[in-house]
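Shown next, in structure tokens, is the structure this report addresses.
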Amino acid sequence: MNYKKFSFLLASLSMVQCFDSFAYDIEFNGSSKKVIEIPADKNTGLEYIYVAYNVSEINEIKLSGINGTVIDVSRYSNLGGGYAEELPYTLNGNEITLTQPEGNMGYIIRDSSGTFCFWIVDYSSMPLNLTGIVMTEEQDCESTRIRITGKGEEIHYYTIDGRQSILSRDIKISYETLQWNTQDESFDIITCEKTVNAISDPVLLNPPLYCNTVVNVEGDRFLKAWGEYEEIESVTFAPNAVGVNSKAEQTNITDSEEPSNMIKGDSDGLGGSAPADITFYGYTTDAVMHTEWQMASDADFEYIIYRFNEKDVSYSFLEEGTYYMRFIGSNADGSCEAIGDTYTISIGASDLRIPNAFSPNNDGVNDVWKVGYRSLLEFKCWIFDSKGNQLFSFDDPSLGWDGTYRGKTVNPGVYYYVIQALGADGKKYKRSGDINILNYKKYGNSTGGAEELE
């Protein structure tokens, strides 16, 4: 080798640029199918990558549009432009002709106005041929591993400085799996698509297979451009992955129905005042064979209180404390497990607060005498007048007395209550005291006055 010439080439190529304003018109003669032109990334030093169906069919390449004096024409391999070899060429006016080009090589044309570099891929040396799709023996719980048999290795080309790059075949892989639909609260079948550069072993499908499905592989983009097509379909694959979802609903009290006199706890989530009746719903993908709801006293579930094997569980929380619930699903042999969201249920300590006055004048303010309460499992209240007559009683702490007796509003004055209650924490309440009905304007009962008690 002429090392002086090599040093000159290496130095000059380090400054190679493909100017947007400088490009040849290129023509491939003899090819049975159109040569595909792909613009190259600027950092490759190349202007284009050309993919030929079969380079041996091409008898010549013509490049026209020379703007100055031709300096040299050379070709390089995977070693990079620094090892380029000069090529013979024919110059006719502003047109260069190269005969019998070689595939999987790079070409450099330099004239006095710039440098034009490109790479030619010989597709016939690395065609796509799909013969089968199988699931690999080794699978994990986060993805599905398949093997595509046949030919379809990576298509490589080399930059001016000898760096290997990949020209994607854009092989399309499609399959069905399941995806959680929040609005419908169900796992719905969706179609997933994945594009790969080439056939590799294994191909990872993520999201994985959550349901029975057929995998389809088609490509590549070059065959499609030439009107040819490779497509193959697998047998039906069983799901290898498991997925779960869940929800929780407090069935005895909703946010919109929560009594105004209930004393709120520290948490705005599930629970609050006992009894808290909550239903937990579990949803699973097709491969889930075993399910379990776990209730624990700690967020890490190291201390599990109860286990429920049903998908849907209704439970009444009666005791003060913080509880944690989660839903788990696993496959037949227990090798894959999916864990749903953790629900925190906080049941506050019992509490009873009793007001001593109200004004039942139907003005929308303090019209009903109600206790403030939280986590009372048992409750009973009696209302008496000053003579010991029972005017009213109720056993639901969310209710109260509207100041009436036999449908009519009683007179202002002092009345009395007796309360017996039991808290979720075991605390017993025995309370009694007076209720002051304040002076107010009466707004029409049937007699125009208050009820006189016997």
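How things are named: the first chain in the structure tokens is A, the next is B, and so on; residues count from 1 in each chain; ligands count from 1 in the order shown.
Residues within 9 Å of Asn129 in chain A, counting only C-alpha atoms and excluding same-chain residues fewer than 2 positions away, are Pro127, Thr131, Thr149, Gly150, Lys151, Gly152 and Glu230 of chain A.
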Check range 113-321 of chain A with DSSP on the backbone and list each residue it calls helix (DSSP H, G or I), as a list in words. Tyr123, Ser124, Ser125, Arg221, Phe222, Leu223, Lys224 and Ala225 of chain A
Contact table range 370-452 of chain A vs range 263-285 of chain A, cut-off 7 Å, shortest pair per residue, only C-alpha atoms, as CSV:
residue,atom,partner,partner_atom,distance
A:Gly372,CA,A:Ile263,CA,6.1
A:Tyr373,CA,A:Ile263,CA,5.5
A:Arg374,CA,A:Ser273,CA,4.9
A:Ser375,CA,A:Ala274,CA,3.9
A:Leu376,CA,A:Ala274,CA,6.3
A:Leu377,CA,A:Pro275,CA,6.4
A:Ala424,CA,A:Ala274,CA,6.3
Per residue of range 141-205 of chain A within 12 Å of range 232-239 of chain A, record the nearest atom pair and its distance in Å to one decimal, counting only C-alpha atoms, with rows in chain order and ascending residue number, as a tab-separated table.
residue	atom	partner	partner_atom	distance
A:Cys141	CA	A:Pro239	CA	10.2
A:Glu142	CA	A:Pro239	CA	11.7
A:Ser143	CA	A:Pro239	CA	10.4
A:Thr144	CA	A:Pro239	CA	8.5
A:Arg145	CA	A:Pro239	CA	11.3
A:Ile146	CA	A:Phe237	CA	10.2
A:Arg147	CA	A:Ser234	CA	10.6
A:Ile148	CA	A:Ile232	CA	9.5
A:Thr149	CA	A:Ile232	CA	10.3
A:Gly150	CA	A:Ile232	CA	10.7
A:Ile171	CA	A:Ile232	CA	11.5
A:Lys172	CA	A:Ile232	CA	10.8
A:Ile173	CA	A:Glu233	CA	9.8
A:Ser174	CA	A:Glu233	CA	9.7
A:Tyr175	CA	A:Glu233	CA	9.9
A:Glu176	CA	A:Pro239	CA	10.3
A:Thr177	CA	A:Pro239	CA	8.5
A:Leu178	CA	A:Pro239	CA	10.1
A:Leu205	CA	A:Pro239	CA	11.8
Give me a file of those residues, with N, CA, C and O atoms, as a compact mmCIF listing (two decimals), in the first residue's frame.
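Heads up, here's the output in result.txt:
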# COMPACT_ATOMS: atom_id res chain seq x y z
N CYS A 141 -42.11 -13.65 33.88
CA CYS A 141 -43.45 -13.17 34.16
C CYS A 141 -43.70 -11.75 33.66
O CYS A 141 -44.84 -11.27 33.74
N GLU A 142 -42.69 -11.10 33.15
CA GLU A 142 -42.82 -9.71 32.72
C GLU A 142 -42.92 -9.56 31.21
O GLU A 142 -43.35 -8.52 30.72
N SER A 143 -42.52 -10.58 30.46
CA SER A 143 -42.55 -10.50 29.00
C SER A 143 -42.72 -11.91 28.45
O SER A 143 -42.59 -12.90 29.16
N THR A 144 -43.04 -11.97 27.16
CA THR A 144 -43.16 -13.26 26.48
C THR A 144 -42.00 -13.38 25.50
O THR A 144 -41.73 -12.45 24.73
N ARG A 145 -41.33 -14.51 25.51
CA ARG A 145 -40.17 -14.74 24.65
C ARG A 145 -40.57 -15.68 23.51
O ARG A 145 -41.05 -16.79 23.76
N ILE A 146 -40.37 -15.20 22.28
CA ILE A 146 -40.63 -16.04 21.13
C ILE A 146 -39.36 -16.14 20.29
O ILE A 146 -38.46 -15.30 20.39
N ARG A 147 -39.32 -17.18 19.45
CA ARG A 147 -38.21 -17.35 18.52
C ARG A 147 -38.80 -17.41 17.11
O ARG A 147 -39.71 -18.20 16.84
N ILE A 148 -38.28 -16.55 16.24
CA ILE A 148 -38.68 -16.55 14.83
C ILE A 148 -37.61 -17.30 14.06
O ILE A 148 -36.44 -16.92 14.08
N THR A 149 -38.01 -18.38 13.44
CA THR A 149 -37.04 -19.19 12.70
C THR A 149 -36.99 -18.75 11.24
O THR A 149 -37.95 -18.20 10.70
N GLY A 150 -35.86 -19.01 10.61
CA GLY A 150 -35.64 -18.60 9.24
C GLY A 150 -34.41 -17.73 9.13
O GLY A 150 -33.48 -17.82 9.96
N ILE A 171 -39.32 -5.19 10.57
CA ILE A 171 -40.14 -6.40 10.61
C ILE A 171 -41.24 -6.19 11.64
O ILE A 171 -40.98 -5.82 12.78
N LYS A 172 -42.50 -6.41 11.24
CA LYS A 172 -43.65 -6.13 12.10
C LYS A 172 -44.10 -7.41 12.79
O LYS A 172 -44.29 -8.44 12.15
N ILE A 173 -44.29 -7.32 14.10
CA ILE A 173 -44.82 -8.42 14.90
C ILE A 173 -46.10 -7.93 15.55
O ILE A 173 -46.13 -6.87 16.18
N SER A 174 -47.19 -8.68 15.39
CA SER A 174 -48.46 -8.29 15.98
C SER A 174 -49.07 -9.48 16.73
O SER A 174 -48.88 -10.64 16.36
N TYR A 175 -49.79 -9.17 17.80
CA TYR A 175 -50.41 -10.19 18.63
C TYR A 175 -51.47 -9.53 19.49
O TYR A 175 -51.53 -8.31 19.61
N GLU A 176 -52.32 -10.35 20.10
CA GLU A 176 -53.35 -9.84 21.00
C GLU A 176 -52.97 -10.11 22.45
O GLU A 176 -52.33 -11.12 22.75
N THR A 177 -53.35 -9.19 23.30
CA THR A 177 -53.17 -9.39 24.74
C THR A 177 -54.29 -8.66 25.46
O THR A 177 -55.26 -8.21 24.81
N LEU A 178 -54.19 -8.54 26.76
CA LEU A 178 -55.24 -7.89 27.54
C LEU A 178 -54.71 -6.60 28.17
O LEU A 178 -53.54 -6.51 28.54
N LEU A 205 -41.69 -9.87 23.79
CA LEU A 205 -42.96 -9.19 23.59
C LEU A 205 -43.38 -8.59 24.93
O LEU A 205 -43.53 -9.29 25.92
Residue among A:Ala241, A:Pro412, A:Leu318, A:Val368 lying closest to Ser330 in chain A, counting only C-alpha atoms: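 Among A:Ala241, A:Pro412, A:Leu318, A:Val368, it is A:Ala241 that comes nearest to Ser330 in chain A.
We find CA of Ile133 in chain A and CA of Asn240 in chain A to be spaced 15.7 Å apart.
Residue nearest Asn67 in chain A within the list A:Thr115, A:Ser125, A:Asn216, A:Thr191: A:Thr115 [criterion: smallest interatomic distance, only C-alpha atoms].
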Could you name the residues that touch Ala299 in chain A at 10 Å or less, counting only C-alpha atoms, but leaving out those on the same chain fewer than 6 positions away, as a PyMOL selection string? chain A and resi 322-326+342-344
Once you have the residues from the selection above, write them out as a PDB file, in the first residue's frame, restricted to all heavy atoms.
ATOM      1  N   THR A 322     -55.737   0.591  61.816  1.00  0.00           N
ATOM      2  CA  THR A 322     -55.442   0.751  60.393  1.00  0.00           C
ATOM      3  C   THR A 322     -55.200  -0.624  59.796  1.00  0.00           C
ATOM      4  O   THR A 322     -54.417  -1.418  60.337  1.00  0.00           O
ATOM      5  CB  THR A 322     -54.206   1.640  60.170  1.00  0.00           C
ATOM      6  OG1 THR A 322     -54.458   2.936  60.750  1.00  0.00           O
ATOM      7  CG2 THR A 322     -53.922   1.820  58.690  1.00  0.00           C
ATOM      8  N   TYR A 323     -55.862  -0.880  58.685  1.00  0.00           N
ATOM      9  CA  TYR A 323     -55.786  -2.175  58.031  1.00  0.00           C
ATOM     10  C   TYR A 323     -55.347  -1.979  56.574  1.00  0.00           C
ATOM     11  O   TYR A 323     -55.558  -0.906  55.982  1.00  0.00           O
ATOM     12  CB  TYR A 323     -57.147  -2.881  58.061  1.00  0.00           C
ATOM     13  CG  TYR A 323     -57.727  -3.006  59.449  1.00  0.00           C
ATOM     14  CD1 TYR A 323     -58.488  -1.974  60.005  1.00  0.00           C
ATOM     15  CD2 TYR A 323     -57.520  -4.148  60.212  1.00  0.00           C
ATOM     16  CE1 TYR A 323     -59.025  -2.076  61.280  1.00  0.00           C
ATOM     17  CE2 TYR A 323     -58.049  -4.269  61.490  1.00  0.00           C
ATOM     18  CZ  TYR A 323     -58.798  -3.221  62.016  1.00  0.00           C
ATOM     19  OH  TYR A 323     -59.316  -3.332  63.275  1.00  0.00           O
ATOM     20  N   TYR A 324     -54.777  -3.029  56.008  1.00  0.00           N
ATOM     21  CA  TYR A 324     -54.296  -2.979  54.628  1.00  0.00           C
ATOM     22  C   TYR A 324     -54.828  -4.203  53.876  1.00  0.00           C
ATOM     23  O   TYR A 324     -54.800  -5.327  54.399  1.00  0.00           O
ATOM     24  CB  TYR A 324     -52.770  -2.965  54.581  1.00  0.00           C
ATOM     25  CG  TYR A 324     -52.160  -1.805  55.350  1.00  0.00           C
ATOM     26  CD1 TYR A 324     -51.861  -1.936  56.700  1.00  0.00           C
ATOM     27  CD2 TYR A 324     -51.931  -0.583  54.726  1.00  0.00           C
ATOM     28  CE1 TYR A 324     -51.328  -0.872  57.418  1.00  0.00           C
ATOM     29  CE2 TYR A 324     -51.395   0.487  55.431  1.00  0.00           C
ATOM     30  CZ  TYR A 324     -51.102   0.336  56.787  1.00  0.00           C
ATOM     31  OH  TYR A 324     -50.581   1.388  57.484  1.00  0.00           O
ATOM     32  N   MET A 325     -55.329  -3.960  52.668  1.00  0.00           N
ATOM     33  CA  MET A 325     -55.867  -5.045  51.840  1.00  0.00           C
ATOM     34  C   MET A 325     -55.208  -4.997  50.461  1.00  0.00           C
ATOM     35  O   MET A 325     -54.970  -3.910  49.915  1.00  0.00           O
ATOM     36  CB  MET A 325     -57.375  -4.897  51.678  1.00  0.00           C
ATOM     37  CG  MET A 325     -58.182  -5.211  52.912  1.00  0.00           C
ATOM     38  SD  MET A 325     -58.411  -6.981  53.218  1.00  0.00           S
ATOM     39  CE  MET A 325     -59.598  -7.420  51.958  1.00  0.00           C
ATOM     40  N   ARG A 326     -54.926  -6.176  49.898  1.00  0.00           N
ATOM     41  CA  ARG A 326     -54.412  -6.249  48.534  1.00  0.00           C
ATOM     42  C   ARG A 326     -54.882  -7.554  47.894  1.00  0.00           C
ATOM     43  O   ARG A 326     -55.179  -8.537  48.581  1.00  0.00           O
ATOM     44  CB  ARG A 326     -52.893  -6.156  48.503  1.00  0.00           C
ATOM     45  CG  ARG A 326     -52.163  -7.353  49.096  1.00  0.00           C
ATOM     46  CD  ARG A 326     -50.661  -7.165  49.029  1.00  0.00           C
ATOM     47  NE  ARG A 326     -49.935  -8.331  49.559  1.00  0.00           N
ATOM     48  CZ  ARG A 326     -48.615  -8.394  49.674  1.00  0.00           C
ATOM     49  NH1 ARG A 326     -47.867  -7.368  49.304  1.00  0.00           N
ATOM     50  NH2 ARG A 326     -48.040  -9.496  50.156  1.00  0.00           N
ATOM     51  N   THR A 342     -52.590  -1.608  46.950  1.00  0.00           N
ATOM     52  CA  THR A 342     -52.821  -1.764  48.384  1.00  0.00           C
ATOM     53  C   THR A 342     -53.833  -0.720  48.840  1.00  0.00           C
ATOM     54  O   THR A 342     -53.688   0.474  48.552  1.00  0.00           O
ATOM     55  CB  THR A 342     -51.512  -1.605  49.177  1.00  0.00           C
ATOM     56  OG1 THR A 342     -50.616  -2.654  48.824  1.00  0.00           O
ATOM     57  CG2 THR A 342     -51.778  -1.655  50.671  1.00  0.00           C
ATOM     58  N   TYR A 343     -54.871  -1.166  49.541  1.00  0.00           N
ATOM     59  CA  TYR A 343     -55.894  -0.272  50.069  1.00  0.00           C
ATOM     60  C   TYR A 343     -55.677  -0.095  51.571  1.00  0.00           C
ATOM     61  O   TYR A 343     -55.480  -1.072  52.300  1.00  0.00           O
ATOM     62  CB  TYR A 343     -57.291  -0.836  49.813  1.00  0.00           C
ATOM     63  CG  TYR A 343     -57.612  -1.000  48.348  1.00  0.00           C
ATOM     64  CD1 TYR A 343     -57.403  -2.216  47.710  1.00  0.00           C
ATOM     65  CD2 TYR A 343     -58.084   0.068  47.602  1.00  0.00           C
ATOM     66  CE1 TYR A 343     -57.681  -2.374  46.361  1.00  0.00           C
ATOM     67  CE2 TYR A 343     -58.357  -0.070  46.249  1.00  0.00           C
ATOM     68  CZ  TYR A 343     -58.146  -1.294  45.632  1.00  0.00           C
ATOM     69  OH  TYR A 343     -58.412  -1.438  44.294  1.00  0.00           O
ATOM     70  N   THR A 344     -55.711   1.145  52.006  1.00  0.00           N
ATOM     71  CA  THR A 344     -55.552   1.463  53.428  1.00  0.00           C
ATOM     72  C   THR A 344     -56.906   1.809  54.014  1.00  0.00           C
ATOM     73  O   THR A 344     -57.612   2.680  53.485  1.00  0.00           O
ATOM     74  CB  THR A 344     -54.577   2.642  53.616  1.00  0.00           C
ATOM     75  OG1 THR A 344     -53.322   2.322  53.010  1.00  0.00           O
ATOM     76  CG2 THR A 344     -54.367   2.933  55.085  1.00  0.00           C
TER      77      THR A 344
END
Return as a VMD selection string the full set of residues in range 60-227 of chain A whose backbone-based DSSP assignment is strand (DSSP E). chain A and resid 60 to 64 70 to 76 85 to 86 90 to 92 95 to 99 105 to 111 114 to 122 129 to 135 144 to 151 155 to 158 164 to 167 171 to 181 186 to 196 203 to 205 213 to 219
Work out how far CA of Ile347 in chain A is from CA of Tyr315 in chain A, in Å to one decimal.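 Going from CA of Tyr315 in chain A over to CA of Ile347 in chain A covers 13.1 Å.
The list of residues with at least one atom within 6 Å of range 75-89 of chain A, based on only C-alpha atoms and without residues fewer than 5 positions apart in the same chain, reads Leu9, Leu10, Thr97, Leu98, Met105, Gly106, Tyr107, Tyr158, Ile160, Asp161 and Gly162 of chain A.
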Convert the current residue selection to file output with C-alpha atoms, as a PDB file, in the first residue's frame.
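As a result, out_22.pdb now contains:
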ATOM      1  CA  LEU A   9      -6.924   9.926   2.529  1.00  0.00           C
ATOM      2  CA  LEU A  10      -7.287   9.498   6.284  1.00  0.00           C
ATOM      3  CA  THR A  97     -19.737   5.806 -14.812  1.00  0.00           C
ATOM      4  CA  LEU A  98     -18.704   2.940 -12.533  1.00  0.00           C
ATOM      5  CA  MET A 105     -19.377  -1.522   0.258  1.00  0.00           C
ATOM      6  CA  GLY A 106     -19.065   2.235   0.631  1.00  0.00           C
ATOM      7  CA  TYR A 107     -18.211   4.637  -2.213  1.00  0.00           C
ATOM      8  CA  TYR A 158     -20.272   1.172   7.863  1.00  0.00           C
ATOM      9  CA  ILE A 160     -16.824   6.790   6.763  1.00  0.00           C
ATOM     10  CA  ASP A 161     -14.846   6.331   9.981  1.00  0.00           C
ATOM     11  CA  GLY A 162     -15.551   2.578  10.083  1.00  0.00           C
TER      12      GLY A 162
END
Atom pair CA of Gly243 in chain A / CA of Asn212 in chain A: separation (Å):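 These atoms are spaced 13.9 Å apart.
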May I have the residues within 8 Å of range 431-437 of chain A as a ChimeraX atom specification, using only C-alpha atoms and disregarding those fewer than 2 positions away in the same chain? /A:355-360,403,411-420,429,439
Can you spit out the residues from that selection as a compact mmCIF listing (two decimals), in the first residue's frame, using all heavy atoms?
# COMPACT_ATOMS: atom_id res chain seq x y z
N PRO A 355 -74.49 18.05 71.85
CA PRO A 355 -74.81 19.47 71.99
C PRO A 355 -75.89 19.67 73.05
O PRO A 355 -76.61 18.73 73.42
CB PRO A 355 -75.33 19.85 70.60
CG PRO A 355 -75.94 18.58 70.08
CD PRO A 355 -75.09 17.46 70.63
N ASN A 356 -76.01 20.88 73.54
CA ASN A 356 -77.01 21.12 74.60
C ASN A 356 -78.08 22.13 74.20
O ASN A 356 -78.88 22.53 75.02
CB ASN A 356 -76.34 21.58 75.89
CG ASN A 356 -75.61 22.90 75.71
OD1 ASN A 356 -75.65 23.51 74.64
ND2 ASN A 356 -74.94 23.35 76.76
N ALA A 357 -78.10 22.52 72.91
CA ALA A 357 -79.12 23.48 72.49
C ALA A 357 -79.32 23.39 70.98
O ALA A 357 -78.42 23.01 70.24
CB ALA A 357 -78.70 24.90 72.88
N PHE A 358 -80.55 23.75 70.57
CA PHE A 358 -80.84 23.90 69.13
C PHE A 358 -82.11 24.72 68.99
O PHE A 358 -82.82 24.99 69.98
CB PHE A 358 -80.94 22.55 68.43
CG PHE A 358 -82.21 21.77 68.69
CD1 PHE A 358 -83.09 21.48 67.66
CD2 PHE A 358 -82.50 21.29 69.96
CE1 PHE A 358 -84.24 20.75 67.90
CE2 PHE A 358 -83.66 20.55 70.20
CZ PHE A 358 -84.54 20.28 69.17
N SER A 359 -82.40 25.13 67.76
CA SER A 359 -83.56 26.00 67.52
C SER A 359 -84.32 25.47 66.31
O SER A 359 -84.00 25.81 65.17
CB SER A 359 -83.13 27.45 67.29
OG SER A 359 -82.19 27.51 66.22
N PRO A 360 -85.33 24.63 66.51
CA PRO A 360 -86.07 24.01 65.40
C PRO A 360 -87.06 24.96 64.74
O PRO A 360 -88.29 24.77 64.82
CB PRO A 360 -86.78 22.85 66.08
CG PRO A 360 -87.00 23.31 67.48
CD PRO A 360 -85.81 24.15 67.82
N GLY A 403 -87.31 18.31 67.31
CA GLY A 403 -88.04 19.16 68.25
C GLY A 403 -89.54 19.03 68.16
O GLY A 403 -90.25 19.95 68.59
N ASN A 411 -92.72 23.48 72.76
CA ASN A 411 -92.40 24.84 73.21
C ASN A 411 -90.92 24.97 73.55
O ASN A 411 -90.26 23.98 73.92
CB ASN A 411 -93.22 25.18 74.45
CG ASN A 411 -94.68 25.43 74.11
OD1 ASN A 411 -94.98 26.05 73.10
ND2 ASN A 411 -95.57 24.95 74.97
N PRO A 412 -90.37 26.18 73.43
CA PRO A 412 -89.00 26.40 73.91
C PRO A 412 -88.90 26.04 75.38
O PRO A 412 -89.88 26.11 76.13
CB PRO A 412 -88.79 27.89 73.68
CG PRO A 412 -89.76 28.26 72.62
CD PRO A 412 -90.97 27.39 72.85
N GLY A 413 -87.73 25.61 75.80
CA GLY A 413 -87.52 25.23 77.17
C GLY A 413 -86.44 24.20 77.31
O GLY A 413 -85.63 24.00 76.42
N VAL A 414 -86.44 23.52 78.47
CA VAL A 414 -85.39 22.55 78.76
C VAL A 414 -85.98 21.14 78.65
O VAL A 414 -87.03 20.85 79.25
CB VAL A 414 -84.81 22.77 80.17
CG1 VAL A 414 -83.74 21.71 80.46
CG2 VAL A 414 -84.21 24.17 80.29
N TYR A 415 -85.27 20.28 77.91
CA TYR A 415 -85.64 18.88 77.74
C TYR A 415 -84.42 18.03 78.09
O TYR A 415 -83.32 18.56 78.33
CB TYR A 415 -86.13 18.61 76.31
CG TYR A 415 -87.38 19.42 75.98
CD1 TYR A 415 -87.28 20.76 75.58
CD2 TYR A 415 -88.64 18.87 76.14
CE1 TYR A 415 -88.41 21.51 75.32
CE2 TYR A 415 -89.79 19.61 75.89
CZ TYR A 415 -89.68 20.93 75.47
OH TYR A 415 -90.80 21.68 75.24
N TYR A 416 -84.59 16.73 78.12
CA TYR A 416 -83.53 15.87 78.65
C TYR A 416 -83.28 14.67 77.72
O TYR A 416 -84.20 14.18 77.05
CB TYR A 416 -83.92 15.39 80.06
CG TYR A 416 -84.18 16.53 81.00
CD1 TYR A 416 -85.47 17.04 81.15
CD2 TYR A 416 -83.14 17.12 81.72
CE1 TYR A 416 -85.71 18.11 82.00
CE2 TYR A 416 -83.39 18.18 82.58
CZ TYR A 416 -84.66 18.68 82.71
OH TYR A 416 -84.91 19.75 83.55
N TYR A 417 -82.05 14.23 77.71
CA TYR A 417 -81.68 13.05 76.91
C TYR A 417 -81.00 12.03 77.79
O TYR A 417 -80.38 12.35 78.81
CB TYR A 417 -80.73 13.43 75.76
CG TYR A 417 -79.36 13.88 76.21
CD1 TYR A 417 -78.35 12.96 76.48
CD2 TYR A 417 -79.08 15.25 76.39
CE1 TYR A 417 -77.10 13.39 76.92
CE2 TYR A 417 -77.84 15.67 76.83
CZ TYR A 417 -76.84 14.73 77.09
OH TYR A 417 -75.61 15.14 77.54
N VAL A 418 -81.11 10.77 77.40
CA VAL A 418 -80.36 9.67 77.98
C VAL A 418 -79.78 8.87 76.81
O VAL A 418 -80.52 8.50 75.88
CB VAL A 418 -81.23 8.76 78.86
CG1 VAL A 418 -80.43 7.53 79.34
CG2 VAL A 418 -81.78 9.52 80.05
N ILE A 419 -78.48 8.62 76.85
CA ILE A 419 -77.81 7.91 75.75
C ILE A 419 -77.02 6.75 76.30
O ILE A 419 -76.30 6.89 77.31
CB ILE A 419 -76.87 8.85 74.96
CG1 ILE A 419 -77.68 9.91 74.21
CG2 ILE A 419 -76.01 8.05 73.97
CD1 ILE A 419 -76.82 10.93 73.49
N GLN A 420 -77.14 5.61 75.64
CA GLN A 420 -76.29 4.46 75.90
C GLN A 420 -75.67 4.04 74.56
O GLN A 420 -76.38 3.93 73.55
CB GLN A 420 -77.09 3.28 76.50
CG GLN A 420 -77.63 3.57 77.89
CD GLN A 420 -78.40 2.39 78.45
OE1 GLN A 420 -78.54 1.35 77.81
NE2 GLN A 420 -78.90 2.56 79.67
N TYR A 429 -70.55 4.00 76.64
CA TYR A 429 -70.99 5.37 76.93
C TYR A 429 -72.35 5.32 77.62
O TYR A 429 -73.28 4.64 77.14
CB TYR A 429 -71.13 6.17 75.63
CG TYR A 429 -69.82 6.39 74.88
CD1 TYR A 429 -69.35 5.43 73.98
CD2 TYR A 429 -69.08 7.55 75.07
CE1 TYR A 429 -68.17 5.61 73.29
CE2 TYR A 429 -67.89 7.74 74.37
CZ TYR A 429 -67.44 6.78 73.49
OH TYR A 429 -66.28 6.98 72.80
N ASN A 439 -85.66 30.19 72.16
CA ASN A 439 -86.81 30.94 71.65
C ASN A 439 -86.69 31.10 70.14
O ASN A 439 -85.62 31.33 69.60
CB ASN A 439 -86.90 32.32 72.31
CG ASN A 439 -87.33 32.22 73.77
OD1 ASN A 439 -88.18 31.41 74.11
ND2 ASN A 439 -86.75 33.07 74.62
Long-range neighbours of range 52-64 of chain A as a PyMOL selection string, 9 Å cut-off, only C-alpha atoms, 2 positions minimum in chain: chain A and resi 24-36+50+66+93-103+120-125+222-223+226
